[in-house]
Amino acid sequence: MARHERELAAGIDAVRAAARVCSTVAQRLVTADTLSKKDQSPVTVADFASQAIVCRGLERAFPGDPVVGEEDATELRGASAVLRESVQRAVAAELGGDPGLTPVLSWIDRGRAHADGARYWTLDPIDGTKGFLRGEQYAVALALIEGGEVVVGLLGCPNLPDGAGGHGVLFTAVRGEGARRHSLFEDTLLEGKPVSVAAVRRASEARLCESVESAHSDQDQSALIVSRLGITAEPYRIDSQCKYAAVAEGDASIYLRLPTTRDYREKIWDHAAGKLVVEEAGGRVTDVDGKPLDFRTGRTLALNRGVVATCGPIHDEVIAAIRQVRGG
Ligand code: AMP
Ligand code: MG
């Protein structure tokens, strides 16, 4: 049996189910009206329902495994009954029957585990909530960490073009076994297509991708770094860990996430899955100082600042340019 085959299979089922929930909620609830009122309720419903579905799936497959999720049910318990019912309905629609509110809340609360111990999962039930609300890119991001190493990474990307006229791409990676691209919504167990980074050897030929949100990454600084590297291509701005997918597939060759404040620490669920997908596609991932991401420091990457992912050969050149622009 290939390494982590059962974990991969359970993760694929869980992410596919959660992605179906998110995209159903998006189609039903995200309207011009919610966007103009900046009403966050659709993303709240999808976020909780997605976490419930993934945690339920993992509980059935690996009852002893802790899950470090972005959400817990505290806020939902204190929220309006209408919101709770919407979450319960979204979960029930995916399961094909109403499990009742109590199990839904307890599945969500499974995501409260501490990020320590020999083995745990990290989950971002909707990464890129702003992209979700705009009808653009977002991801369901699930990873398994063992001994501080990411060993399985899954990115369900409901709005990425699938290459066959539709949408929905699933990226999977198992440490030492490569990265693959699958259809997200076609429920097949096919092997998937191997994914590899672009063969870019000079940073000047690279295309950069970064957050749409300037609050999440310093875009002024990235413009200076891009010009120092002699890059002429326009930056590719895209929400969520779809940026890691873009580097893994060669749509971009650099992903920069440059700290906007001194105190912010990256969350492990925002990076664990994406990092493994890029590395298994042949790329490199470090922080802005060129240090490896250290997943042994709890819910955040406490010892790291920002993130840099590249296709590999240009990594040191990119880190050097960052150092020149940022100083230090
Ligand atoms: P993105 O879609 O790449 O812009 O990133 C979305 C993620 O940014 C969310 O999941 C948040 O956890 C994270 N985030 C929130 N505030 C910040 C910040 N100040 N710097 C970096 N990331 C942030
Ligand atoms: Mg996130």
# chains A, B, ... in the order shown; residues from 1 in each chain; ligands from 1

call {"tool": "select_by_dssp", "arguments": {"residues": "region 285-321 of chain A", "states": "alpha helix (DSSP H)", "output": "list in words"}}
result
His315, Asp316, Glu317, Val318, Ile319, Ala320 and Ala321 of chain A

call {"tool": "write_last_selection", "arguments": {"atoms": "C-alpha atoms", "output": "PDB file, in the first residue's frame"}}
result
ATOM      1  CA  HIS A 315      14.428  30.757  -4.985  1.00  0.00           C
ATOM      2  CA  ASP A 316      17.745  32.099  -3.681  1.00  0.00           C
ATOM      3  CA  GLU A 317      17.643  34.968  -6.176  1.00  0.00           C
ATOM      4  CA  VAL A 318      14.157  35.902  -4.974  1.00  0.00           C
ATOM      5  CA  ILE A 319      15.166  35.732  -1.298  1.00  0.00           C
ATOM      6  CA  ALA A 320      18.189  37.959  -2.021  1.00  0.00           C
ATOM      7  CA  ALA A 321      15.971  40.568  -3.717  1.00  0.00           C
TER       8      ALA A 321
END

call {"tool": "residues_near_ligand", "arguments": {"ligand": "ligand 2", "cutoff": "6 Å", "atoms": "only C-alpha atoms and all ligand atoms", "output": "list in words"}}
result
Asp124, Asp127, Gly128 and Asp270 of chain A

call {"tool": "write_last_selection", "arguments": {"atoms": "C-alpha atoms", "output": "compact mmCIF listing (two decimals), in the first residue's frame"}}
result
# COMPACT_ATOMS: atom_id res chain seq x y z
CA ASP A 124 -9.21 25.85 6.59
CA ASP A 127 -9.64 29.80 2.66
CA GLY A 128 -10.12 33.09 0.84
CA ASP A 270 -3.33 28.83 5.52

call {"tool": "closest_atom_pairs", "arguments": {"of": "chain A", "to": "ligand 1", "cutoff": "8 Å", "atoms": "only C-alpha atoms and all ligand atoms", "output": "CSV"}}
result
residue,atom,partner,partner_atom_place_in_ligand_line,distance
A:Asp124,CA,ligand 1,10 (O),7.3
A:Ile126,CA,ligand 1,10 (O),7.7
A:Asp127,CA,ligand 1,10 (O),4.9
A:Gly128,CA,ligand 1,2 (O),4.0
A:Thr129,CA,ligand 1,6 (C),7.1
A:Lys130,CA,ligand 1,2 (O),7.1
A:Gly131,CA,ligand 1,2 (O),7.0
A:Tyr138,CA,ligand 1,2 (O),7.2
A:Glu210,CA,ligand 1,3 (O),7.1
A:Ser211,CA,ligand 1,4 (O),4.3
A:Val212,CA,ligand 1,4 (O),5.9
A:Glu213,CA,ligand 1,4 (O),5.1
A:Ser214,CA,ligand 1,4 (O),7.7
A:Ala215,CA,ligand 1,19 (N),5.5
A:His216,CA,ligand 1,20 (N),3.7
A:Ser217,CA,ligand 1,21 (C),5.9
A:Ile238,CA,ligand 1,2 (O),7.0
A:Asp239,CA,ligand 1,2 (O),3.6
A:Ser240,CA,ligand 1,2 (O),3.4
A:Gln241,CA,ligand 1,3 (O),6.2
A:Lys243,CA,ligand 1,3 (O),7.3
A:Arg257,CA,ligand 1,21 (C),7.3
A:Leu258,CA,ligand 1,21 (C),7.8
A:Pro259,CA,ligand 1,20 (N),6.0
A:Thr260,CA,ligand 1,19 (N),6.1
A:Thr261,CA,ligand 1,19 (N),6.6
A:Tyr264,CA,ligand 1,19 (N),5.8
A:Arg265,CA,ligand 1,20 (N),7.4
A:Glu266,CA,ligand 1,22 (N),6.1
A:Lys267,CA,ligand 1,12 (O),6.1
A:Trp269,CA,ligand 1,10 (O),7.9
A:Asp270,CA,ligand 1,10 (O),5.6
A:Gly306,CA,ligand 1,21 (C),7.5

call {"tool": "write_last_selection", "arguments": {"atoms": "C-alpha atoms", "output": "PDB file, in the first residue's frame"}}
result
ATOM      1  CA  ASP A 124      -9.208  25.847   6.593  1.00  0.00           C
ATOM      2  CA  ILE A 126     -12.953  28.193   3.397  1.00  0.00           C
ATOM      3  CA  ASP A 127      -9.637  29.801   2.662  1.00  0.00           C
ATOM      4  CA  GLY A 128     -10.116  33.094   0.839  1.00  0.00           C
ATOM      5  CA  THR A 129     -13.489  34.169   2.247  1.00  0.00           C
ATOM      6  CA  LYS A 130     -13.280  37.442   0.311  1.00  0.00           C
ATOM      7  CA  GLY A 131     -12.853  35.505  -2.927  1.00  0.00           C
ATOM      8  CA  TYR A 138     -11.332  30.167  -2.650  1.00  0.00           C
ATOM      9  CA  GLU A 210       0.059  37.464  -4.623  1.00  0.00           C
ATOM     10  CA  SER A 211      -3.046  38.165  -2.546  1.00  0.00           C
ATOM     11  CA  VAL A 212      -5.861  40.265  -3.931  1.00  0.00           C
ATOM     12  CA  GLU A 213      -6.079  41.806  -0.458  1.00  0.00           C
ATOM     13  CA  SER A 214      -3.326  44.349   0.175  1.00  0.00           C
ATOM     14  CA  ALA A 215      -3.913  43.871   3.921  1.00  0.00           C
ATOM     15  CA  HIS A 216      -2.653  40.273   3.619  1.00  0.00           C
ATOM     16  CA  SER A 217       0.572  40.972   1.722  1.00  0.00           C
ATOM     17  CA  ILE A 238      -5.778  35.594  -6.702  1.00  0.00           C
ATOM     18  CA  ASP A 239      -7.337  34.752  -3.333  1.00  0.00           C
ATOM     19  CA  SER A 240      -6.591  31.751  -1.142  1.00  0.00           C
ATOM     20  CA  GLN A 241      -4.156  28.865  -1.455  1.00  0.00           C
ATOM     21  CA  LYS A 243      -1.731  30.794  -5.253  1.00  0.00           C
ATOM     22  CA  ARG A 257       3.361  36.864   1.013  1.00  0.00           C
ATOM     23  CA  LEU A 258       5.055  39.864   2.563  1.00  0.00           C
ATOM     24  CA  PRO A 259       4.106  40.832   6.132  1.00  0.00           C
ATOM     25  CA  THR A 260       2.041  44.006   6.392  1.00  0.00           C
ATOM     26  CA  THR A 261       2.467  44.298  10.158  1.00  0.00           C
ATOM     27  CA  TYR A 264       1.061  39.052  12.352  1.00  0.00           C
ATOM     28  CA  ARG A 265       1.903  35.356  12.403  1.00  0.00           C
ATOM     29  CA  GLU A 266       0.738  33.132   9.549  1.00  0.00           C
ATOM     30  CA  LYS A 267      -1.823  30.469  10.475  1.00  0.00           C
ATOM     31  CA  TRP A 269      -4.039  26.036   8.025  1.00  0.00           C
ATOM     32  CA  ASP A 270      -3.329  28.826   5.519  1.00  0.00           C
ATOM     33  CA  GLY A 306       5.621  35.760   5.558  1.00  0.00           C
TER      34      GLY A 306
END

call {"tool": "closest_residue", "arguments": {"among": "A:Arg175, A:Arg112, A:Arg326, A:Arg134", "to": "Lys38 (chain A)", "atoms": "only C-alpha atoms"}}
result
A:Arg134

call {"tool": "closest_residue", "arguments": {"among": "A:Lys193, A:Lys275, A:Arg56, A:Arg237", "to": "Asp162 (chain A)", "atoms": "only C-alpha atoms"}}
result
A:Lys193

call {"tool": "residues_around", "arguments": {"residues": "Val152 (chain A)", "least_positions_apart": "6", "cutoff": "9 Å", "atoms": "only C-alpha atoms", "output": "ChimeraX atom specification"}}
result
/A:4,7-8,11,142-145,172-175,272-273,276-277

call {"tool": "closest_residue", "arguments": {"among": "A:Val151, A:Ile322, A:Ala115, A:Ala198", "to": "Arg3 (chain A)", "atoms": "only C-alpha atoms"}}
result
A:Val151

call {"tool": "residues_around", "arguments": {"residues": "Pro103 (chain A)", "least_positions_apart": "2", "cutoff": "12 Å", "atoms": "only C-alpha atoms", "output": "PyMOL selection string"}}
result
chain A and resi 49+52-53+55-56+59+73+87-88+91-92+98-101+105-110

call {"tool": "closest_residue", "arguments": {"among": "A:Glu94, A:Asp72, A:Asp287, A:Asp251", "to": "Ala206 (chain A)", "atoms": "only C-alpha atoms"}}
result
A:Asp251

call {"tool": "residues_around", "arguments": {"residues": "Gly312 (chain A)", "least_positions_apart": "6", "cutoff": "7 Å", "atoms": "only C-alpha atoms", "output": "ChimeraX atom specification"}}
result
/A:282-284

call {"tool": "write_last_selection", "arguments": {"atoms": "all heavy atoms", "output": "mmCIF file, in the first residue's frame"}}
result
data_model
loop_
_atom_site.group_PDB
_atom_site.id
_atom_site.type_symbol
_atom_site.label_atom_id
_atom_site.label_comp_id
_atom_site.auth_asym_id
_atom_site.auth_seq_id
_atom_site.Cartn_x
_atom_site.Cartn_y
_atom_site.Cartn_z
ATOM 1 N N GLY A 282 7.768 20.047 -7.249
ATOM 2 C CA GLY A 282 9.155 20.362 -7.601
ATOM 3 C C GLY A 282 9.631 21.739 -7.165
ATOM 4 O O GLY A 282 10.764 22.126 -7.457
ATOM 5 N N GLY A 283 8.775 22.500 -6.458
ATOM 6 C CA GLY A 283 9.153 23.857 -6.066
ATOM 7 C C GLY A 283 9.729 23.936 -4.663
ATOM 8 O O GLY A 283 9.953 22.915 -4.007
ATOM 9 N N ARG A 284 9.985 25.178 -4.228
ATOM 10 C CA ARG A 284 10.516 25.415 -2.879
ATOM 11 C C ARG A 284 9.634 26.395 -2.135
ATOM 12 O O ARG A 284 9.078 27.315 -2.733
ATOM 13 C CB ARG A 284 11.921 26.017 -2.959
ATOM 14 C CG ARG A 284 13.010 24.979 -3.100
ATOM 15 C CD ARG A 284 14.391 25.638 -3.084
ATOM 16 N NE ARG A 284 14.735 26.208 -1.780
ATOM 17 C CZ ARG A 284 15.805 26.982 -1.570
ATOM 18 N NH1 ARG A 284 16.622 27.280 -2.562
ATOM 19 N NH2 ARG A 284 16.068 27.450 -0.360
#

call {"tool": "closest_residue", "arguments": {"among": "A:Glu191, A:Asp65, A:Glu177, A:Asp220", "to": "Ala2 (chain A)", "atoms": "only C-alpha atoms"}}
result
A:Glu177

call {"tool": "residues_around", "arguments": {"residues": "Val140 (chain A)", "least_positions_apart": "2", "cutoff": "6 Å", "atoms": "only C-alpha atoms", "output": "count of residues only"}}
result
4

call {"tool": "closest_residue", "arguments": {"among": "A:Ser86, A:Thr232, A:Asn159, A:Ser204", "to": "Pro42 (chain A)", "atoms": "only C-alpha atoms"}}
result
A:Ser86

call {"tool": "residues_around", "arguments": {"residues": "Leu29 (chain A)", "least_positions_apart": "4", "cutoff": "12 Å", "atoms": "only C-alpha atoms", "output": "PDB file with all heavy atoms, in the first residue's frame"}}
result
ATOM      1  N   VAL A  21     -20.641  21.491  -0.616  1.00  0.00           N
ATOM      2  CA  VAL A  21     -21.431  22.323   0.291  1.00  0.00           C
ATOM      3  C   VAL A  21     -21.151  23.803   0.017  1.00  0.00           C
ATOM      4  O   VAL A  21     -22.074  24.616  -0.120  1.00  0.00           O
ATOM      5  CB  VAL A  21     -21.105  21.981   1.767  1.00  0.00           C
ATOM      6  CG1 VAL A  21     -21.728  23.002   2.704  1.00  0.00           C
ATOM      7  CG2 VAL A  21     -21.584  20.583   2.101  1.00  0.00           C
ATOM      8  N   CYS A  22     -19.869  24.157  -0.065  1.00  0.00           N
ATOM      9  CA  CYS A  22     -19.515  25.578  -0.265  1.00  0.00           C
ATOM     10  C   CYS A  22     -20.097  26.079  -1.576  1.00  0.00           C
ATOM     11  O   CYS A  22     -20.634  27.191  -1.647  1.00  0.00           O
ATOM     12  CB  CYS A  22     -17.994  25.756  -0.309  1.00  0.00           C
ATOM     13  SG  CYS A  22     -17.204  25.399   1.262  1.00  0.00           S
ATOM     14  N   SER A  23     -19.980  25.271  -2.611  1.00  0.00           N
ATOM     15  CA  SER A  23     -20.415  25.809  -3.887  1.00  0.00           C
ATOM     16  C   SER A  23     -21.939  25.856  -3.978  1.00  0.00           C
ATOM     17  O   SER A  23     -22.491  26.770  -4.578  1.00  0.00           O
ATOM     18  CB  SER A  23     -19.693  25.106  -5.027  1.00  0.00           C
ATOM     19  OG  SER A  23     -20.426  24.168  -5.620  1.00  0.00           O
ATOM     20  N   THR A  24     -22.625  24.947  -3.285  1.00  0.00           N
ATOM     21  CA  THR A  24     -24.098  25.042  -3.231  1.00  0.00           C
ATOM     22  C   THR A  24     -24.525  26.308  -2.487  1.00  0.00           C
ATOM     23  O   THR A  24     -25.411  27.049  -2.940  1.00  0.00           O
ATOM     24  CB  THR A  24     -24.694  23.804  -2.513  1.00  0.00           C
ATOM     25  OG1 THR A  24     -24.220  22.641  -3.174  1.00  0.00           O
ATOM     26  CG2 THR A  24     -26.201  23.826  -2.522  1.00  0.00           C
ATOM     27  N   VAL A  25     -23.885  26.567  -1.346  1.00  0.00           N
ATOM     28  CA  VAL A  25     -24.229  27.777  -0.580  1.00  0.00           C
ATOM     29  C   VAL A  25     -23.925  29.020  -1.420  1.00  0.00           C
ATOM     30  O   VAL A  25     -24.720  29.968  -1.462  1.00  0.00           O
ATOM     31  CB  VAL A  25     -23.467  27.817   0.766  1.00  0.00           C
ATOM     32  CG1 VAL A  25     -23.685  29.154   1.468  1.00  0.00           C
ATOM     33  CG2 VAL A  25     -23.895  26.672   1.669  1.00  0.00           C
ATOM     34  N   ASP A  33     -27.062  41.331  -3.773  1.00  0.00           N
ATOM     35  CA  ASP A  33     -27.560  41.957  -2.557  1.00  0.00           C
ATOM     36  C   ASP A  33     -26.618  41.723  -1.369  1.00  0.00           C
ATOM     37  O   ASP A  33     -26.251  42.659  -0.661  1.00  0.00           O
ATOM     38  CB  ASP A  33     -28.953  41.389  -2.263  1.00  0.00           C
ATOM     39  CG  ASP A  33     -29.682  42.207  -1.222  1.00  0.00           C
ATOM     40  OD1 ASP A  33     -29.535  43.436  -1.262  1.00  0.00           O
ATOM     41  OD2 ASP A  33     -30.363  41.605  -0.384  1.00  0.00           O
ATOM     42  N   THR A  34     -26.204  40.470  -1.165  1.00  0.00           N
ATOM     43  CA  THR A  34     -25.297  40.208  -0.035  1.00  0.00           C
ATOM     44  C   THR A  34     -23.976  40.930  -0.261  1.00  0.00           C
ATOM     45  O   THR A  34     -23.368  41.427   0.675  1.00  0.00           O
ATOM     46  CB  THR A  34     -25.020  38.699   0.181  1.00  0.00           C
ATOM     47  OG1 THR A  34     -24.488  38.155  -1.017  1.00  0.00           O
ATOM     48  CG2 THR A  34     -26.232  37.936   0.599  1.00  0.00           C
ATOM     49  N   LEU A  35     -23.551  41.005  -1.512  1.00  0.00           N
ATOM     50  CA  LEU A  35     -22.280  41.680  -1.789  1.00  0.00           C
ATOM     51  C   LEU A  35     -22.387  43.173  -1.499  1.00  0.00           C
ATOM     52  O   LEU A  35     -21.511  43.752  -0.872  1.00  0.00           O
ATOM     53  CB  LEU A  35     -21.864  41.463  -3.244  1.00  0.00           C
ATOM     54  CG  LEU A  35     -21.352  40.059  -3.556  1.00  0.00           C
ATOM     55  CD1 LEU A  35     -21.033  39.932  -5.034  1.00  0.00           C
ATOM     56  CD2 LEU A  35     -20.132  39.742  -2.721  1.00  0.00           C
ATOM     57  N   ASP A  39     -22.855  41.641   3.434  1.00  0.00           N
ATOM     58  CA  ASP A  39     -23.433  40.665   4.351  1.00  0.00           C
ATOM     59  C   ASP A  39     -22.557  39.410   4.327  1.00  0.00           C
ATOM     60  O   ASP A  39     -22.427  38.749   3.301  1.00  0.00           O
ATOM     61  CB  ASP A  39     -24.858  40.360   3.877  1.00  0.00           C
ATOM     62  CG  ASP A  39     -25.507  39.248   4.676  1.00  0.00           C
ATOM     63  OD1 ASP A  39     -24.877  38.737   5.622  1.00  0.00           O
ATOM     64  OD2 ASP A  39     -26.654  38.897   4.338  1.00  0.00           O
ATOM     65  N   GLN A  40     -21.983  39.095   5.477  1.00  0.00           N
ATOM     66  CA  GLN A  40     -21.034  37.975   5.547  1.00  0.00           C
ATOM     67  C   GLN A  40     -21.735  36.633   5.793  1.00  0.00           C
ATOM     68  O   GLN A  40     -21.060  35.613   5.897  1.00  0.00           O
ATOM     69  CB  GLN A  40     -20.046  38.221   6.698  1.00  0.00           C
ATOM     70  CG  GLN A  40     -19.191  39.454   6.525  1.00  0.00           C
ATOM     71  CD  GLN A  40     -18.016  39.220   5.594  1.00  0.00           C
ATOM     72  OE1 GLN A  40     -17.414  38.161   5.618  1.00  0.00           O
ATOM     73  NE2 GLN A  40     -17.728  40.180   4.741  1.00  0.00           N
ATOM     74  N   SER A  41     -23.088  36.624   5.916  1.00  0.00           N
ATOM     75  CA  SER A  41     -23.711  35.381   6.370  1.00  0.00           C
ATOM     76  C   SER A  41     -23.499  34.188   5.430  1.00  0.00           C
ATOM     77  O   SER A  41     -23.320  33.077   5.926  1.00  0.00           O
ATOM     78  CB  SER A  41     -25.179  35.587   6.701  1.00  0.00           C
ATOM     79  OG  SER A  41     -25.849  36.103   5.590  1.00  0.00           O
ATOM     80  N   PRO A  42     -23.477  34.362   4.088  1.00  0.00           N
ATOM     81  CA  PRO A  42     -23.241  33.171   3.264  1.00  0.00           C
ATOM     82  C   PRO A  42     -21.903  32.509   3.573  1.00  0.00           C
ATOM     83  O   PRO A  42     -21.812  31.282   3.668  1.00  0.00           O
ATOM     84  CB  PRO A  42     -23.252  33.707   1.823  1.00  0.00           C
ATOM     85  CG  PRO A  42     -23.915  35.031   1.896  1.00  0.00           C
ATOM     86  CD  PRO A  42     -23.707  35.559   3.274  1.00  0.00           C
ATOM     87  N   VAL A  43     -20.878  33.328   3.766  1.00  0.00           N
ATOM     88  CA  VAL A  43     -19.567  32.732   4.019  1.00  0.00           C
ATOM     89  C   VAL A  43     -19.554  32.090   5.405  1.00  0.00           C
ATOM     90  O   VAL A  43     -18.922  31.059   5.624  1.00  0.00           O
ATOM     91  CB  VAL A  43     -18.423  33.748   3.810  1.00  0.00           C
ATOM     92  CG1 VAL A  43     -18.322  34.748   4.915  1.00  0.00           C
ATOM     93  CG2 VAL A  43     -17.092  33.040   3.633  1.00  0.00           C
ATOM     94  N   THR A  44     -20.309  32.659   6.329  1.00  0.00           N
ATOM     95  CA  THR A  44     -20.380  32.078   7.672  1.00  0.00           C
ATOM     96  C   THR A  44     -21.047  30.705   7.618  1.00  0.00           C
ATOM     97  O   THR A  44     -20.554  29.745   8.207  1.00  0.00           O
ATOM     98  CB  THR A  44     -21.172  33.019   8.607  1.00  0.00           C
ATOM     99  OG1 THR A  44     -20.619  34.324   8.469  1.00  0.00           O
ATOM    100  CG2 THR A  44     -21.077  32.597  10.039  1.00  0.00           C
ATOM    101  N   VAL A  45     -22.158  30.623   6.896  1.00  0.00           N
ATOM    102  CA  VAL A  45     -22.858  29.336   6.762  1.00  0.00           C
ATOM    103  C   VAL A  45     -21.942  28.305   6.106  1.00  0.00           C
ATOM    104  O   VAL A  45     -21.778  27.177   6.600  1.00  0.00           O
ATOM    105  CB  VAL A  45     -24.155  29.505   5.923  1.00  0.00           C
ATOM    106  CG1 VAL A  45     -24.763  28.144   5.590  1.00  0.00           C
ATOM    107  CG2 VAL A  45     -25.152  30.384   6.663  1.00  0.00           C
ATOM    108  N   ALA A  46     -21.309  28.675   5.013  1.00  0.00           N
ATOM    109  CA  ALA A  46     -20.474  27.723   4.282  1.00  0.00           C
ATOM    110  C   ALA A  46     -19.241  27.321   5.096  1.00  0.00           C
ATOM    111  O   ALA A  46     -18.839  26.158   5.097  1.00  0.00           O
ATOM    112  CB  ALA A  46     -20.059  28.325   2.941  1.00  0.00           C
ATOM    113  N   SER A  86     -29.485  27.388   9.096  1.00  0.00           N
ATOM    114  CA  SER A  86     -28.913  27.399   7.745  1.00  0.00           C
ATOM    115  C   SER A  86     -27.706  26.465   7.663  1.00  0.00           C
ATOM    116  O   SER A  86     -27.522  25.748   6.675  1.00  0.00           O
ATOM    117  CB  SER A  86     -28.455  28.805   7.349  1.00  0.00           C
ATOM    118  OG  SER A  86     -29.544  29.678   7.380  1.00  0.00           O
ATOM    119  N   ALA A  90     -27.482  23.051   5.397  1.00  0.00           N
ATOM    120  CA  ALA A  90     -26.424  22.850   4.401  1.00  0.00           C
ATOM    121  C   ALA A  90     -25.740  21.497   4.624  1.00  0.00           C
ATOM    122  O   ALA A  90     -25.439  20.772   3.672  1.00  0.00           O
ATOM    123  CB  ALA A  90     -25.407  23.991   4.476  1.00  0.00           C
ATOM    124  N   PHE A 132     -14.536  34.018  -2.011  1.00  0.00           N
ATOM    125  CA  PHE A 132     -15.813  33.293  -1.989  1.00  0.00           C
ATOM    126  C   PHE A 132     -16.972  34.269  -2.192  1.00  0.00           C
ATOM    127  O   PHE A 132     -17.872  34.038  -2.997  1.00  0.00           O
ATOM    128  CB  PHE A 132     -15.943  32.556  -0.654  1.00  0.00           C
ATOM    129  CG  PHE A 132     -17.263  31.854  -0.443  1.00  0.00           C
ATOM    130  CD1 PHE A 132     -17.441  30.537  -0.847  1.00  0.00           C
ATOM    131  CD2 PHE A 132     -18.323  32.505   0.173  1.00  0.00           C
ATOM    132  CE1 PHE A 132     -18.657  29.893  -0.645  1.00  0.00           C
ATOM    133  CE2 PHE A 132     -19.542  31.872   0.381  1.00  0.00           C
ATOM    134  CZ  PHE A 132     -19.705  30.556  -0.034  1.00  0.00           C
ATOM    135  N   LEU A 133     -16.941  35.382  -1.444  1.00  0.00           N
ATOM    136  CA  LEU A 133     -18.048  36.345  -1.525  1.00  0.00           C
ATOM    137  C   LEU A 133     -18.096  37.059  -2.868  1.00  0.00           C
ATOM    138  O   LEU A 133     -19.155  37.436  -3.346  1.00  0.00           O
ATOM    139  CB  LEU A 133     -17.934  37.373  -0.391  1.00  0.00           C
ATOM    140  CG  LEU A 133     -18.445  36.865   0.953  1.00  0.00           C
ATOM    141  CD1 LEU A 133     -18.050  37.818   2.079  1.00  0.00           C
ATOM    142  CD2 LEU A 133     -19.964  36.689   0.923  1.00  0.00           C
ATOM    143  N   ARG A 134     -16.919  37.242  -3.486  1.00  0.00           N
ATOM    144  CA  ARG A 134     -16.886  37.895  -4.798  1.00  0.00           C
ATOM    145  C   ARG A 134     -17.200  36.917  -5.934  1.00  0.00           C
ATOM    146  O   ARG A 134     -17.188  37.295  -7.096  1.00  0.00           O
ATOM    147  CB  ARG A 134     -15.476  38.455  -5.048  1.00  0.00           C
ATOM    148  CG  ARG A 134     -15.177  39.759  -4.358  1.00  0.00           C
ATOM    149  CD  ARG A 134     -13.871  40.340  -4.916  1.00  0.00           C
ATOM    150  NE  ARG A 134     -12.853  40.451  -3.909  1.00  0.00           N
ATOM    151  CZ  ARG A 134     -11.836  39.623  -3.710  1.00  0.00           C
ATOM    152  NH1 ARG A 134     -11.668  38.568  -4.497  1.00  0.00           N
ATOM    153  NH2 ARG A 134     -10.982  39.820  -2.758  1.00  0.00           N
ATOM    154  N   GLY A 135     -17.403  35.642  -5.602  1.00  0.00           N
ATOM    155  CA  GLY A 135     -17.621  34.644  -6.656  1.00  0.00           C
ATOM    156  C   GLY A 135     -16.331  34.316  -7.380  1.00  0.00           C
ATOM    157  O   GLY A 135     -16.338  33.813  -8.505  1.00  0.00           O
TER     158      GLY A 135
END

call {"tool": "atom_distance", "arguments": {"atom1": "CA of Gly111 (chain A)", "atom2": "CA of Gly178 (chain A)"}}
result
27.4 Å
